[in-house]
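Comments concern the structure below.
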Amino acid sequence: MSCSCFLQDGKSCIETVPIFSGLSREEQNEIAQITNKRTFTRGELIFGAGDENHNLYVIHRGQVKLSRISESGKEHILRIVGPGDFIGELAMFTKQPASAQAEALQEGIMCVINGQRLKELMLKYPQIALKVVEELSSRLETAEGMIESLALHSVEQRIAQALLQYGVDQFELKLSKRDLAAALGMTQETLSRKLSAWQAEGIIKQAGQRQIEILDRSRLEELAE
């Protein structure tokens with residue numbers, strides 16, 4: 001059986017996925033047979049909340065935003081995924097409709113793996129299941145850290161910590177300010193006001209929509225504590 005999961009360099013996108021890195025070429029080929037390549041454009045909805053779609057989506061290129069929309073219309077970003085990450089695992093394992101929506105932040109490429117067939121291969125190759133469990137455990141730890149941050153840290157602390165995570169003094173935000181604010185559990189207006197205030201105090205300098213320069217790192221570190 002052939003598949004349409006080959007990239008421009010002739011490789012199967014399965015070869016680039018960390019959760020399948022420990023498999024033999026024969027085992028990777030079995031997964032490739034139940035996989036299709038899909039391209040997506042910026043702003044495209046890959047799947048929506050309530051969709052009956054039980055496939056596993058593995059990102060090869062680009063970024064995807066996974067989020068939930070409240071009844072009031074407020075968006076809460078669960079996570080941003082990039083190359084090597086996967087989404088759709090909850091719907092695949094629980095057989096429930098998707099509880100979140102996935103939207104492309106950039107144009108890119110993904111592998112779409114048939115969920116039912118993949119579960120069958122997990123029984124055949126337990127190392128695949130172990131890799132998935134390891135990744136889900138890591139996500140759980142990250143989610144618990146996020147809950148703790150929202151409960152214990154102020155708006156200033158959360159923003160300062162997010163900026164310091166870049167590790168350099170000049171950088172471009174990976175997310176729009178709207179998406180960054182949603183990821184930090186605040187409104188875009190709150191984030192913008194705080195950044196403007198810090199700029200006025202000489203702590204940071206903003207240029208354009210995403211360029212940030214840290215002018216007073218020690219002060220920002222104090223705000224993050």
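Residues in the structure tokens are numbered from 1 in each chain, the chains being A, B, ... in the order shown, and ligands are numbered from 1 in the order shown.
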Nearby residues (only C-alpha atoms) at most 6 Å from region 52-67 of chain A, same-chain spacing under 5 positions excluded, as a PyMOL selection string: chain A and resi 76-89+91-92+97+100-115
Report the residues of region 45-110 of chain A whose backbone DSSP state falls under helix (DSSP H, G or I), written as a PyMOL selection string. chain A and resi 89-94
Create the file for the chosen residues now, containing C-alpha atoms and written as a short mmCIF file (atom, residue, chain, number, x, y, z; two decimals), in the first residue's frame.
```cif
data_model
loop_
_atom_site.label_atom_id
_atom_site.label_comp_id
_atom_site.auth_asym_id
_atom_site.auth_seq_id
_atom_site.Cartn_x
_atom_site.Cartn_y
_atom_site.Cartn_z
CA GLU A 89 -4.49 12.14 21.16
CA LEU A 90 -7.38 12.68 23.60
CA ALA A 91 -10.06 12.22 20.96
CA MET A 92 -8.15 9.23 19.61
CA PHE A 93 -7.96 7.41 22.94
CA THR A 94 -11.28 8.38 24.51
#
```
Nearest to Leu220 (chain A), chosen from A:Ala181, A:Met186, A:Ala160, A:Ile69, with only C-alpha atoms counted in the distances: A:Ala160
Taking 4 positions as the minimum chain separation for residues in the same chain, which residues sit within 9 Å of region 188-198 of chain A when counting only C-alpha atoms? Answer as a CSV table (one decimal) with N, CA and C atoms, in the first residue's frame.
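Resulting contents of around.csv:
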```csv
chain,number,residue,atom,x,y,z
A,155,VAL,N,0.0,39.0,37.6
A,155,VAL,CA,0.1,39.4,36.2
A,155,VAL,C,1.5,39.8,35.8
A,156,GLU,N,2.1,40.6,36.7
A,156,GLU,CA,3.5,41.1,36.4
A,156,GLU,C,4.5,39.9,36.4
A,159,ILE,N,4.1,37.8,33.2
A,159,ILE,CA,4.7,38.5,32.0
A,159,ILE,C,6.2,38.5,32.0
A,177,LYS,N,0.6,39.2,20.5
A,177,LYS,CA,0.2,39.6,21.9
A,177,LYS,C,-1.1,39.1,22.3
A,178,ARG,N,-2.0,39.0,21.4
A,178,ARG,CA,-3.3,38.4,21.7
A,178,ARG,C,-3.2,37.0,22.2
A,179,ASP,N,-2.4,36.2,21.4
A,179,ASP,CA,-2.2,34.8,21.8
A,179,ASP,C,-1.4,34.6,23.1
A,180,LEU,N,-0.4,35.5,23.2
A,180,LEU,CA,0.5,35.5,24.4
A,180,LEU,C,-0.4,35.8,25.7
A,181,ALA,N,-1.2,36.8,25.6
A,181,ALA,CA,-2.1,37.1,26.7
A,181,ALA,C,-3.0,36.0,27.1
A,182,ALA,N,-3.6,35.3,26.0
A,182,ALA,CA,-4.5,34.2,26.3
A,182,ALA,C,-3.7,33.1,27.0
A,202,GLY,N,11.7,52.2,31.4
A,202,GLY,CA,13.0,51.9,30.9
A,202,GLY,C,13.5,50.4,31.1
A,203,ILE,N,12.5,49.6,31.4
A,203,ILE,CA,12.8,48.2,31.7
A,203,ILE,C,12.9,47.4,30.3
A,204,ILE,N,12.0,47.7,29.4
A,204,ILE,CA,12.1,47.1,28.1
A,204,ILE,C,11.9,48.1,27.0
A,205,LYS,N,12.1,47.7,25.8
A,205,LYS,CA,11.8,48.6,24.6
A,205,LYS,C,11.1,47.7,23.6
A,206,GLN,N,10.0,48.3,23.1
A,206,GLN,CA,9.2,47.6,22.1
A,206,GLN,C,9.4,48.2,20.7
```
Between A:Ala98, A:Met122, A:Val168, A:Ile19, single out the one closest to Ile46 (chain A), counting only C-alpha atoms. A:Ala98
Which residues are near region 210-216 of chain A? Cut-off 6 Å, only C-alpha atoms, ignore same chain within fewer than 6 positions. Put them as a PDB file with all heavy atoms, in the first residue's frame.
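Result file follows (part_3.pdb):
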```pdb
ATOM      1  N   ASP A 169      18.507  39.247  25.318  1.00  0.00           N
ATOM      2  CA  ASP A 169      17.961  40.584  25.568  1.00  0.00           C
ATOM      3  C   ASP A 169      17.167  41.145  24.396  1.00  0.00           C
ATOM      4  O   ASP A 169      16.370  42.068  24.567  1.00  0.00           O
ATOM      5  CB  ASP A 169      19.096  41.548  25.930  1.00  0.00           C
ATOM      6  CG  ASP A 169      19.646  41.292  27.316  1.00  0.00           C
ATOM      7  OD1 ASP A 169      18.949  40.653  28.124  1.00  0.00           O
ATOM      8  OD2 ASP A 169      20.782  41.709  27.601  1.00  0.00           O
ATOM      9  N   GLN A 170      17.391  40.641  23.197  1.00  0.00           N
ATOM     10  CA  GLN A 170      16.641  41.094  22.027  1.00  0.00           C
ATOM     11  C   GLN A 170      16.013  39.878  21.349  1.00  0.00           C
ATOM     12  O   GLN A 170      16.714  38.916  21.032  1.00  0.00           O
ATOM     13  CB  GLN A 170      17.538  41.836  21.035  1.00  0.00           C
ATOM     14  CG  GLN A 170      17.945  43.241  21.515  1.00  0.00           C
ATOM     15  CD  GLN A 170      18.739  43.969  20.449  1.00  0.00           C
ATOM     16  OE1 GLN A 170      19.873  43.603  20.132  1.00  0.00           O
ATOM     17  NE2 GLN A 170      18.147  44.998  19.885  1.00  0.00           N
ATOM     18  N   PHE A 171      14.708  39.916  21.131  1.00  0.00           N
ATOM     19  CA  PHE A 171      14.033  38.775  20.539  1.00  0.00           C
ATOM     20  C   PHE A 171      12.701  39.194  19.942  1.00  0.00           C
ATOM     21  O   PHE A 171      12.209  40.307  20.172  1.00  0.00           O
ATOM     22  CB  PHE A 171      13.802  37.676  21.590  1.00  0.00           C
ATOM     23  CG  PHE A 171      13.088  38.154  22.833  1.00  0.00           C
ATOM     24  CD1 PHE A 171      11.706  38.178  22.900  1.00  0.00           C
ATOM     25  CD2 PHE A 171      13.815  38.606  23.935  1.00  0.00           C
ATOM     26  CE1 PHE A 171      11.051  38.629  24.035  1.00  0.00           C
ATOM     27  CE2 PHE A 171      13.171  39.050  25.078  1.00  0.00           C
ATOM     28  CZ  PHE A 171      11.780  39.063  25.133  1.00  0.00           C
ATOM     29  N   GLU A 172      12.131  38.280  19.186  1.00  0.00           N
ATOM     30  CA  GLU A 172      10.801  38.471  18.619  1.00  0.00           C
ATOM     31  C   GLU A 172       9.855  37.499  19.301  1.00  0.00           C
ATOM     32  O   GLU A 172      10.153  36.305  19.412  1.00  0.00           O
ATOM     33  CB  GLU A 172      10.818  38.209  17.109  1.00  0.00           C
ATOM     34  CG  GLU A 172       9.456  38.384  16.454  1.00  0.00           C
ATOM     35  CD  GLU A 172       9.505  38.192  14.947  1.00  0.00           C
ATOM     36  OE1 GLU A 172      10.602  38.344  14.371  1.00  0.00           O
ATOM     37  OE2 GLU A 172       8.455  37.884  14.358  1.00  0.00           O
ATOM     38  N   LEU A 173       8.739  38.002  19.789  1.00  0.00           N
ATOM     39  CA  LEU A 173       7.752  37.137  20.429  1.00  0.00           C
ATOM     40  C   LEU A 173       7.306  36.044  19.467  1.00  0.00           C
ATOM     41  O   LEU A 173       7.040  36.307  18.294  1.00  0.00           O
ATOM     42  CB  LEU A 173       6.538  37.947  20.873  1.00  0.00           C
ATOM     43  CG  LEU A 173       6.766  38.980  21.996  1.00  0.00           C
ATOM     44  CD1 LEU A 173       5.499  39.808  22.202  1.00  0.00           C
ATOM     45  CD2 LEU A 173       7.185  38.292  23.283  1.00  0.00           C
ATOM     46  N   ILE A 203      12.476  49.564  31.412  1.00  0.00           N
ATOM     47  CA  ILE A 203      12.793  48.153  31.664  1.00  0.00           C
ATOM     48  C   ILE A 203      12.912  47.394  30.349  1.00  0.00           C
ATOM     49  O   ILE A 203      13.795  46.540  30.189  1.00  0.00           O
ATOM     50  CB  ILE A 203      11.715  47.514  32.551  1.00  0.00           C
ATOM     51  CG1 ILE A 203      11.641  48.238  33.898  1.00  0.00           C
ATOM     52  CG2 ILE A 203      11.996  46.023  32.757  1.00  0.00           C
ATOM     53  CD1 ILE A 203      10.489  47.778  34.771  1.00  0.00           C
ATOM     54  N   ILE A 204      12.039  47.702  29.408  1.00  0.00           N
ATOM     55  CA  ILE A 204      12.073  47.068  28.095  1.00  0.00           C
ATOM     56  C   ILE A 204      11.878  48.131  27.019  1.00  0.00           C
ATOM     57  O   ILE A 204      11.523  49.279  27.314  1.00  0.00           O
ATOM     58  CB  ILE A 204      10.966  45.989  27.936  1.00  0.00           C
ATOM     59  CG1 ILE A 204       9.577  46.654  27.997  1.00  0.00           C
ATOM     60  CG2 ILE A 204      11.125  44.891  28.966  1.00  0.00           C
ATOM     61  CD1 ILE A 204       8.446  45.723  27.573  1.00  0.00           C
TER      62      ILE A 204
END
```
Any chance you could list, as a VMD selection string, the residues in region 72-122 of chain A that come up strand (DSSP E or B) when DSSP is run on the backbone? chain A and resid 75 to 81 86 to 87 101 to 104 108 to 113
